[in-house]
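S.K.: Pasting start-v3.txt below, which is compact mmCIF, C-alpha atoms.
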# COMPACT_ATOMS: atom_id res chain seq x y z
CA MET A 1 9.88 30.71 10.44
CA LYS A 2 9.22 26.97 10.78
CA LYS A 3 8.20 25.57 14.13
CA SER A 4 9.17 22.01 15.13
CA MET A 5 6.11 20.07 16.35
CA GLY A 6 7.50 16.56 16.99
CA GLY A 7 5.87 13.50 15.43
CA LYS A 8 2.27 14.36 14.56
CA THR A 9 -0.18 12.86 12.07
CA MET A 10 -1.37 16.16 10.59
CA ILE A 11 -1.72 15.06 6.94
CA LEU A 12 -4.56 16.81 5.16
CA PRO A 13 -6.85 15.95 3.64
CA THR A 14 -7.52 12.40 4.75
CA PRO A 15 -10.45 10.54 3.22
CA VAL A 16 -13.39 9.42 5.37
CA LEU A 17 -13.66 5.69 4.69
CA ILE A 18 -16.47 3.49 5.98
CA VAL A 19 -15.28 -0.10 6.35
CA GLY A 20 -17.86 -2.89 6.21
CA THR A 21 -17.37 -6.40 7.63
CA TYR A 22 -19.25 -9.43 8.90
CA ASP A 23 -18.14 -10.35 12.41
CA THR A 24 -17.44 -13.94 13.44
CA ALA A 25 -21.15 -14.35 14.31
CA GLY A 26 -22.12 -13.11 10.83
CA LYS A 27 -23.48 -9.76 12.01
CA PRO A 28 -22.85 -6.88 9.55
CA ASN A 29 -20.88 -3.99 10.98
CA VAL A 30 -19.32 -0.74 9.76
CA MET A 31 -16.65 1.55 11.16
CA THR A 32 -15.07 4.85 10.12
CA VAL A 33 -11.39 5.02 9.15
CA ALA A 34 -9.33 8.11 8.30
CA TRP A 35 -5.97 6.34 8.10
CA GLY A 36 -6.23 4.85 4.62
CA GLY A 37 -6.29 5.28 0.87
CA VAL A 38 -5.12 3.79 -2.39
CA CYS A 39 -1.73 2.05 -2.10
CA CYS A 40 -1.28 0.38 -5.50
CA SER A 41 -2.63 0.77 -9.05
CA GLU A 42 -2.01 -2.79 -10.29
CA PRO A 43 -3.42 -4.80 -8.62
CA PRO A 44 -5.71 -1.95 -7.53
CA CYS A 45 -5.44 -1.88 -3.73
CA ILE A 46 -6.72 0.06 -0.74
CA ALA A 47 -4.89 0.25 2.59
CA ILE A 48 -6.81 0.84 5.83
CA SER A 49 -5.29 1.05 9.31
CA LEU A 50 -7.20 -0.03 12.44
CA ARG A 51 -6.43 -0.47 16.10
CA ARG A 52 -6.36 -4.10 17.20
CA ALA A 53 -8.97 -3.25 19.87
CA THR A 54 -11.68 -2.59 17.28
CA HIS A 55 -14.41 -5.12 16.56
CA THR A 56 -13.62 -4.79 12.84
CA TYR A 57 -10.01 -5.96 13.35
CA GLY A 58 -11.11 -9.47 14.32
CA SER A 59 -13.69 -9.57 11.54
CA ILE A 60 -11.11 -8.82 8.84
CA ILE A 61 -8.68 -11.38 10.26
CA ASP A 62 -11.51 -13.94 10.22
CA LYS A 63 -13.15 -13.19 6.87
CA LYS A 64 -10.13 -11.93 4.90
CA ALA A 65 -12.45 -9.41 3.29
CA PHE A 66 -13.95 -5.94 3.74
CA THR A 67 -15.80 -3.23 1.86
CA VAL A 68 -14.92 0.46 1.77
CA HIS A 69 -17.42 3.29 1.21
CA ILE A 70 -16.71 6.97 0.64
CA ALA A 71 -18.47 9.18 3.21
CA THR A 72 -20.83 11.74 1.72
CA GLU A 73 -22.54 14.86 3.06
CA ALA A 74 -25.97 13.21 2.97
CA TYR A 75 -24.96 10.60 5.58
CA LEU A 76 -22.16 12.41 7.41
CA LYS A 77 -23.86 12.23 10.81
CA GLU A 78 -24.17 8.46 10.39
CA CYS A 79 -20.55 8.18 9.22
CA ASP A 80 -19.40 10.00 12.35
CA TYR A 81 -21.53 7.70 14.47
CA PHE A 82 -19.87 4.66 12.85
CA GLY A 83 -16.58 5.94 14.31
CA ILE A 84 -17.98 6.49 17.81
CA ALA A 85 -20.06 3.36 18.51
CA SER A 86 -18.63 -0.17 18.66
CA GLY A 87 -20.15 -3.06 16.75
CA ARG A 88 -19.34 -5.19 19.76
CA LYS A 89 -22.12 -3.41 21.69
CA VAL A 90 -24.60 -2.12 19.11
CA ASP A 91 -26.05 -2.97 15.74
CA LYS A 92 -25.07 0.12 13.74
CA PHE A 93 -27.35 -0.78 10.84
CA ALA A 94 -30.39 -1.04 13.16
CA ALA A 95 -29.40 2.20 14.94
CA THR A 96 -29.18 4.17 11.69
CA GLY A 97 -31.87 2.42 9.65
CA LEU A 98 -29.37 1.82 6.83
CA THR A 99 -29.47 -1.38 4.77
CA PRO A 100 -26.73 -4.04 4.70
CA VAL A 101 -26.30 -5.84 1.37
CA ARG A 102 -24.08 -8.89 0.88
CA ALA A 103 -21.18 -7.96 -1.43
CA GLU A 104 -21.00 -9.79 -4.74
CA PHE A 105 -17.39 -10.97 -4.71
CA VAL A 106 -16.20 -10.93 -1.09
CA ASP A 107 -17.53 -12.07 2.30
CA ALA A 108 -18.49 -8.62 3.58
CA PRO A 109 -21.55 -6.37 3.61
CA TYR A 110 -21.99 -2.94 2.06
CA ILE A 111 -24.44 -0.13 2.75
CA ARG A 112 -27.09 0.08 0.02
CA GLU A 113 -27.69 3.82 0.55
CA PHE A 114 -24.02 4.78 -0.02
CA PRO A 115 -23.22 5.67 -3.66
CA LEU A 116 -19.63 4.37 -3.99
CA VAL A 117 -18.42 1.02 -2.64
CA PHE A 118 -15.19 -0.97 -3.00
CA GLU A 119 -15.22 -4.74 -2.51
CA CYS A 120 -11.84 -5.79 -1.13
CA ARG A 121 -10.04 -9.11 -0.62
CA LEU A 122 -7.33 -9.08 2.07
CA LEU A 123 -3.84 -9.34 0.58
CA HIS A 124 -1.43 -8.16 3.31
CA THR A 125 -1.51 -7.49 7.05
CA ILE A 126 1.22 -5.20 8.39
CA GLU A 127 1.59 -4.73 12.15
CA ILE A 128 2.99 -1.22 12.53
CA GLY A 129 2.29 -0.22 16.14
CA LEU A 130 -0.97 1.01 17.65
CA HIS A 131 -2.47 0.49 14.20
CA THR A 132 -2.44 -2.56 11.94
CA GLN A 133 -2.57 -1.90 8.23
CA PHE A 134 -4.74 -4.15 6.04
CA ILE A 135 -4.09 -4.02 2.31
CA GLY A 136 -7.03 -5.20 0.26
CA GLU A 137 -7.23 -5.80 -3.47
CA ILE A 138 -10.18 -3.95 -4.99
CA VAL A 139 -11.97 -6.75 -6.80
CA ASP A 140 -14.94 -4.57 -7.74
CA VAL A 141 -16.22 -1.02 -7.47
CA LYS A 142 -19.96 -0.44 -7.27
CA ILE A 143 -21.33 3.01 -7.95
CA ASP A 144 -24.80 4.50 -8.22
CA GLU A 145 -25.30 5.43 -11.87
CA GLU A 146 -26.81 8.77 -10.79
CA VAL A 147 -23.42 9.97 -9.44
CA LEU A 148 -21.36 9.00 -12.51
CA THR A 149 -20.03 11.62 -14.93
CA ASP A 150 -20.26 10.99 -18.68
CA ASP A 151 -16.58 10.03 -18.51
CA GLY A 152 -17.33 7.27 -15.97
CA PHE A 153 -15.91 8.92 -12.85
CA PRO A 154 -17.61 9.83 -9.56
CA ASP A 155 -19.29 13.24 -9.98
CA VAL A 156 -18.13 15.36 -7.03
CA GLU A 157 -21.03 17.82 -7.43
CA LYS A 158 -23.63 15.06 -7.23
CA MET A 159 -21.94 12.71 -4.79
CA LYS A 160 -20.63 15.31 -2.34
CA PRO A 161 -17.75 13.32 -0.81
CA VAL A 162 -16.21 14.50 2.45
CA ALA A 163 -12.61 15.30 3.46
CA PHE A 164 -11.16 15.27 6.97
CA THR A 165 -8.46 17.16 8.87
CA PRO A 166 -6.97 15.09 11.70
CA GLY A 167 -5.91 17.12 14.71
CA ALA A 168 -8.55 19.82 14.23
CA ARG A 169 -11.04 16.99 13.56
CA ASP A 170 -13.12 18.92 11.04
CA TYR A 171 -15.10 17.44 8.17
CA TYR A 172 -14.96 19.53 4.98
CA SER A 173 -16.89 19.62 1.75
CA PHE A 174 -14.96 19.78 -1.53
CA GLY A 175 -14.42 23.33 -2.81
CA LYS A 176 -13.75 24.43 -6.37
CA VAL A 177 -11.74 22.74 -9.12
CA LEU A 178 -8.24 24.26 -9.23
CA GLY A 179 -6.93 22.50 -12.32
CA LYS A 180 -6.07 19.23 -14.06
CA ALA A 181 -3.29 16.98 -12.84
CA PHE A 182 -0.50 16.06 -15.28
CA PHE A 183 -1.42 19.22 -17.19
CA MET A 184 -1.16 22.45 -15.23
CA GLY A 185 2.50 21.84 -14.40
CA LYS A 186 3.58 21.11 -17.99
CA ARG A 187 4.92 24.57 -18.69
CA VAL A 188 6.74 25.11 -15.37
CA GLY A 189 10.27 24.22 -16.49
CA LYS A 190 9.70 25.74 -19.93
CA ASP A 191 8.50 29.05 -18.51
CA ARG A 192 11.77 29.49 -16.69
CA GLU A 193 13.89 28.39 -19.62
CA SER A 194 12.35 30.89 -22.03
CA MET B 1 -29.11 1.13 -9.26
CA LYS B 2 -25.45 0.29 -8.67
CA LYS B 3 -23.17 -0.26 -11.62
CA SER B 4 -20.24 -2.69 -11.39
CA MET B 5 -17.00 -1.03 -12.56
CA GLY B 6 -14.36 -3.71 -11.88
CA GLY B 7 -11.23 -2.93 -9.85
CA LYS B 8 -10.65 0.82 -9.96
CA THR B 9 -8.74 3.18 -7.65
CA MET B 10 -11.45 5.84 -7.40
CA ILE B 11 -10.99 6.79 -3.72
CA LEU B 12 -11.68 10.46 -3.06
CA PRO B 13 -10.23 12.62 -1.82
CA THR B 14 -6.62 11.61 -1.97
CA PRO B 15 -4.01 13.97 -0.55
CA VAL B 16 -1.38 15.58 -2.80
CA LEU B 17 1.92 14.66 -1.15
CA ILE B 18 5.28 16.00 -2.27
CA VAL B 19 8.05 13.53 -1.38
CA GLY B 20 11.59 14.87 -0.95
CA THR B 21 14.77 12.76 -1.19
CA TYR B 22 18.48 12.98 -1.89
CA ASP B 23 19.48 10.68 -4.72
CA THR B 24 22.55 8.46 -4.57
CA ALA B 25 24.63 11.38 -5.95
CA GLY B 26 23.29 13.65 -3.20
CA LYS B 27 21.10 15.75 -5.50
CA PRO B 28 17.84 16.92 -3.88
CA ASN B 29 14.70 15.82 -5.68
CA VAL B 30 10.93 15.94 -5.16
CA MET B 31 8.01 14.00 -6.63
CA THR B 32 4.25 14.09 -6.29
CA VAL B 33 2.38 11.14 -4.76
CA ALA B 34 -1.38 10.67 -4.44
CA TRP B 35 -1.23 7.10 -3.11
CA GLY B 36 -0.47 7.75 0.53
CA GLY B 37 -1.52 9.04 3.91
CA VAL B 38 -1.29 8.38 7.63
CA CYS B 39 -1.10 4.67 8.47
CA CYS B 40 -0.42 4.62 12.23
CA SER B 41 -0.86 6.96 15.21
CA GLU B 42 1.81 5.47 17.49
CA PRO B 43 4.50 5.54 16.24
CA PRO B 44 3.13 8.29 13.97
CA CYS B 45 3.64 7.01 10.41
CA ILE B 46 3.01 8.00 6.82
CA ALA B 47 2.68 5.50 3.97
CA ILE B 48 3.56 6.48 0.40
CA SER B 49 3.39 4.24 -2.66
CA LEU B 50 5.71 4.68 -5.63
CA ARG B 51 6.47 2.80 -8.81
CA ARG B 52 9.87 1.12 -8.82
CA ALA B 53 10.70 2.98 -12.05
CA THR B 54 10.77 6.36 -10.30
CA HIS B 55 14.03 8.08 -9.41
CA THR B 56 12.72 8.55 -5.85
CA TYR B 57 12.35 4.78 -5.35
CA GLY B 58 16.11 4.20 -5.47
CA SER B 59 16.76 7.25 -3.30
CA ILE B 60 14.51 5.99 -0.49
CA ILE B 61 16.03 2.50 -0.67
CA ASP B 62 19.48 4.10 -0.43
CA LYS B 63 18.89 6.79 2.22
CA LYS B 64 16.14 5.11 4.27
CA ALA B 65 14.58 8.53 4.64
CA PHE B 66 12.20 10.98 2.95
CA THR B 67 10.23 14.14 3.63
CA VAL B 68 6.56 14.72 2.83
CA HIS B 69 4.99 18.12 2.09
CA ILE B 70 1.32 18.97 1.73
CA ALA B 71 0.56 20.61 -1.63
CA THR B 72 -1.00 24.06 -1.39
CA GLU B 73 -2.81 26.33 -3.84
CA ALA B 74 0.09 28.81 -3.93
CA TYR B 75 2.45 26.23 -5.46
CA LEU B 76 0.01 23.88 -7.18
CA LYS B 77 1.51 24.37 -10.65
CA GLU B 78 4.93 23.41 -9.23
CA CYS B 79 3.42 20.41 -7.40
CA ASP B 80 1.90 19.17 -10.64
CA TYR B 81 5.25 19.63 -12.41
CA PHE B 82 6.93 17.51 -9.70
CA GLY B 83 4.67 14.64 -10.82
CA ILE B 84 5.41 15.10 -14.53
CA ALA B 85 9.20 15.62 -14.67
CA SER B 86 11.77 13.01 -13.56
CA GLY B 87 14.63 13.86 -11.22
CA ARG B 88 16.74 11.53 -13.32
CA LYS B 89 16.67 14.09 -16.15
CA VAL B 90 16.11 17.49 -14.56
CA ASP B 91 16.85 19.44 -11.39
CA LYS B 92 13.32 20.24 -10.22
CA PHE B 93 14.55 22.76 -7.66
CA ALA B 94 16.46 24.69 -10.32
CA ALA B 95 13.52 24.50 -12.72
CA THR B 96 11.07 25.94 -10.18
CA GLY B 97 13.37 28.26 -8.26
CA LEU B 98 12.33 26.62 -4.96
CA THR B 99 14.85 26.14 -2.16
CA PRO B 100 16.06 22.75 -0.85
CA VAL B 101 16.86 22.67 2.88
CA ARG B 102 18.56 19.72 4.61
CA ALA B 103 16.09 18.14 7.07
CA GLU B 104 17.03 18.26 10.73
CA PHE B 105 16.56 14.62 11.70
CA VAL B 106 16.70 12.55 8.49
CA ASP B 107 18.88 12.35 5.39
CA ALA B 108 16.45 14.11 3.03
CA PRO B 109 15.74 17.63 1.79
CA TYR B 110 12.59 19.69 2.22
CA ILE B 111 11.26 22.70 0.33
CA ARG B 112 11.70 25.89 2.34
CA GLU B 113 8.72 27.63 0.69
CA PHE B 114 6.23 24.87 1.63
CA PRO B 115 4.43 25.50 4.95
CA LEU B 116 4.01 21.94 6.29
CA VAL B 117 6.72 19.28 6.18
CA PHE B 118 7.06 15.79 7.68
CA GLU B 119 10.53 14.32 8.26
CA CYS B 120 10.29 10.53 7.91
CA ARG B 121 12.58 7.62 8.68
CA LEU B 122 11.91 4.46 6.64
CA LEU B 123 10.40 1.66 8.75
CA HIS B 124 8.85 -0.82 6.30
CA THR B 125 8.99 -1.57 2.58
CA ILE B 126 6.07 -3.55 1.16
CA GLU B 127 6.18 -4.75 -2.43
CA ILE B 128 2.55 -4.84 -3.53
CA GLY B 129 2.59 -4.89 -7.33
CA LEU B 130 3.15 -1.96 -9.69
CA HIS B 131 3.61 0.15 -6.57
CA THR B 132 5.89 -0.33 -3.58
CA GLN B 133 4.66 1.06 -0.29
CA PHE B 134 7.16 2.79 1.99
CA ILE B 135 6.09 3.31 5.59
CA GLY B 136 8.00 6.08 7.32
CA GLU B 137 7.94 7.11 10.95
CA ILE B 138 7.24 10.82 11.31
CA VAL B 139 10.15 11.92 13.49
CA ASP B 140 9.29 15.60 13.21
CA VAL B 141 6.72 17.95 11.72
CA LYS B 142 7.81 21.43 10.67
CA ILE B 143 5.20 24.08 10.08
CA ASP B 144 5.29 27.79 9.28
CA GLU B 145 3.99 29.58 12.37
CA GLU B 146 1.85 31.83 10.13
CA VAL B 147 -0.37 28.88 9.14
CA LEU B 148 -0.94 27.56 12.69
CA THR B 149 -4.27 28.01 14.46
CA ASP B 150 -4.33 29.06 18.12
CA ASP B 151 -4.98 25.38 18.91
CA GLY B 152 -1.75 24.36 17.18
CA PHE B 153 -3.24 22.79 14.04
CA PRO B 154 -2.72 23.70 10.38
CA ASP B 155 -5.13 26.53 9.49
CA VAL B 156 -6.94 25.44 6.34
CA GLU B 157 -7.99 29.01 5.48
CA LYS B 158 -4.42 30.29 5.60
CA MET B 159 -2.59 27.23 4.28
CA LYS B 160 -5.02 26.31 1.47
CA PRO B 161 -4.15 22.61 1.12
CA VAL B 162 -5.25 20.74 -1.99
CA ALA B 163 -7.29 17.54 -2.51
CA PHE B 164 -7.22 15.25 -5.55
CA THR B 165 -9.67 13.00 -7.36
CA PRO B 166 -7.93 10.13 -9.17
CA GLY B 167 -9.63 9.06 -12.39
CA ALA B 168 -11.02 12.51 -13.18
CA ARG B 169 -7.57 13.91 -12.22
CA ASP B 170 -8.88 17.16 -10.77
CA TYR B 171 -7.27 19.20 -8.01
CA TYR B 172 -9.77 20.72 -5.56
CA SER B 173 -9.65 23.39 -2.90
CA PHE B 174 -11.19 22.65 0.48
CA GLY B 175 -14.81 23.82 0.80
CA LYS B 176 -16.73 24.63 3.96
CA VAL B 177 -16.57 23.00 7.40
CA LEU B 178 -19.42 20.47 7.71
CA GLY B 179 -18.97 19.53 11.37
CA LYS B 180 -16.76 18.09 14.08
CA ALA B 181 -15.69 14.45 14.10
CA PHE B 182 -16.48 12.32 17.17
CA PHE B 183 -19.26 14.82 17.89
CA MET B 184 -21.89 15.22 15.18
CA GLY B 185 -22.75 11.50 15.26
CA LYS B 186 -23.20 11.31 19.01
CA ARG B 187 -26.98 11.55 18.94
CA VAL B 188 -27.58 9.19 16.01
CA GLY B 189 -28.50 6.06 17.95
CA LYS B 190 -30.21 8.07 20.66
CA ASP B 191 -32.39 9.95 18.18
CA ARG B 192 -33.85 6.71 16.94
CA GLU B 193 -34.33 5.22 20.38
CA SER B 194 -36.31 8.20 21.68
Represent the structure of the file as structure tokens.
M.R.:
Amino acid sequence: MKKSMGGKTMILPTPVLIVGTYDTAGKPNVMTVAWGGVCCSEPPCIAISLRRATHTYGSIIDKKAFTVHIATEAYLKECDYFGIASGRKVDKFAATGLTPVRAEFVDAPYIREFPLVFECRLLHTIEIGLHTQFIGEIVDVKIDEEVLTDDGFPDVEKMKPVAFTPGARDYYSFGKVLGKAFFMGKRVGKDRES
Amino acid sequence: MKKSMGGKTMILPTPVLIVGTYDTAGKPNVMTVAWGGVCCSEPPCIAISLRRATHTYGSIIDKKAFTVHIATEAYLKECDYFGIASGRKVDKFAATGLTPVRAEFVDAPYIREFPLVFECRLLHTIEIGLHTQFIGEIVDVKIDEEVLTDDGFPDVEKMKPVAFTPGARDYYSFGKVLGKAFFMGKRVGKDRES
């Protein structure tokens, strides 16, 4: 029996995205975002949604650029902290001892210690309600060679990315591989026809 | 050492979202979408990105409504099939034996056998490039009572939702709980100050 819950944002998993910006004074800052993900393949784009009250909001409006990092188990405590503290009051890089690096193609910083980084150029700003969505074109991806598979993809076993469940507010590790996309469903219609 | 990869959509995890629509002839259809997620808390909204060439694209434009289901391990083969076959050529409900149910609040069907469903009303259409992003307000969430925790959230152990890694194209189960958000980072700055 299905229960009606009203309008709730219980999508799972969400990613745990760490957004890097320079503020108007040039100070590097990072914040944690769960409302986001890929929104276009060509041009390759990431969407992130922020409240207007955040320090990062003004920075993106000003610089038209941001970076996105994938949270990993090794720095999960720091990633959670990035979502609690405000860059208006504290220097999150100083507080965590992590290292800001100027991005190569956009006016934003990234965290040297994080293995997978997206450099994004602001394309669209969509005011939705409590959250504003920023769509950024991915102009470059930077990845630590140690976490690349032979096929050139992020190695989940080595990188240990993190998933999130809004509502319950739990961080999860990745579990086991269940199958290949665009492959395991190939026989579904055929099975039933035979 | 970081390697520069160019513009690639290697965000992980992405969700595995099953989008339900009625086409212009009124036939229920479903397709699989990895480019999507929550994009606003108030009003609660989901964003999904589709190519214009899909059958679902025209259905959303026409009906201004869609449903979203979370893929689960029990029906993963079917979910993968929904991303391979086109509703223009086949009846995916007939091919899988799953049951279309008319949504309560919007002009779209959902899959009875899937435990977590979002009924969405189209709010915004953003043409980005190869993909068009549809932003839908979540007007209701329907969930099987058997997969609810005592706190009223989806129970990951019972529901077994699925995560995806674009590029490598692997489906993953959820692993273990790593910690609570807005909690495990609380002591980060304080640890270093002490």
S.K.: Give me the residues near region 159-173 of chain A as a VMD selection string, where near means some atom within 6 Å (using all atoms listed in the file) and where sequence neighbours in that chain fewer than 4 positions away do not count.
M.R.: (chain A and resid 10 12 to 15 71 to 73 147 155) or (chain B and resid 175 to 181)
S.K.: Find the residues near region 113-115 of chain B: any atom within 9 Å, counting all atoms listed in the file, skip ones fewer than 4 places away on the same chain, and give them as number ranges by chain.
M.R.: A: 2; B: 69-72, 75, 98-100, 142-147, 159
S.K.: Need to verify the contact set: region 20-29 of chain A, 10 Å, only C-alpha atoms, exclusion of same-chain residues closer than 2 positions in sequence. Can you return it as an MDAnalysis selection string?
M.R.: chainID A and resid 17:18 31:32 55:69 82 86:88 90:93 99:103 106:111 117:120
S.K.: Compile the contact shell of Gly7 (chain A) as number ranges by chain: residues with an atom at most 12 Å away, counting only C-alpha atoms, same-chain residues fewer than 4 positions apart removed.
M.R.: A: 11; B: 38, 40-46, 105, 117-121, 136-143
S.K.: How big is the axis-aligned box around all listed atoms of region 90-101 of chain B once 8 Å goes on each side, and where's its centre, in Å to one decimal, as AutoDock Vina command-line options?
M.R.:
--center_x 14.0 --center_y 22.9 --center_z -5.8 --size_x 21.8 --size_y 26.8 --size_z 33.4
S.K.: Measure the distance from CA of Ile128 (chain B) to CA of Ala47 (chain A) in Å and round it to one decimal.
M.R.: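 Between CA of Ile128 (chain B) and CA of Ala47 (chain A) the gap is 10.9 Å.
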S.K.: Could you check how far CA of Gly37 (chain A) sits from CA of Lys89 (chain A), in Å to one decimal?
M.R.: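 That distance, rounded to one decimal, is 27.6 Å.
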S.K.: Would you please work out which residue, of A:Thr149, A:Thr54, A:Thr96, A:Ser49, is nearest to Gln133 (chain A) when using only C-alpha atoms?
M.R.: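 Using only C-alpha atoms, the shortest distance to Gln133 (chain A) belongs to A:Ser49.
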S.K.: Could you check the closest approach to chain A for each of B:Val16, B:Leu148, B:Val33, B:Met5 and tell me which residue wins, using all atoms listed in the file?
M.R.: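 For chain A, the nearest of the given residues is B:Met5.
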S.K.: Which residue out of A:Leu130, A:Ala94, A:Leu122, A:Val30 has the minimum interatomic distance to Leu50 (chain A) when only C-alpha atoms are used?
M.R.: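 Closest to Leu50 (chain A), using only C-alpha atoms: A:Leu130.
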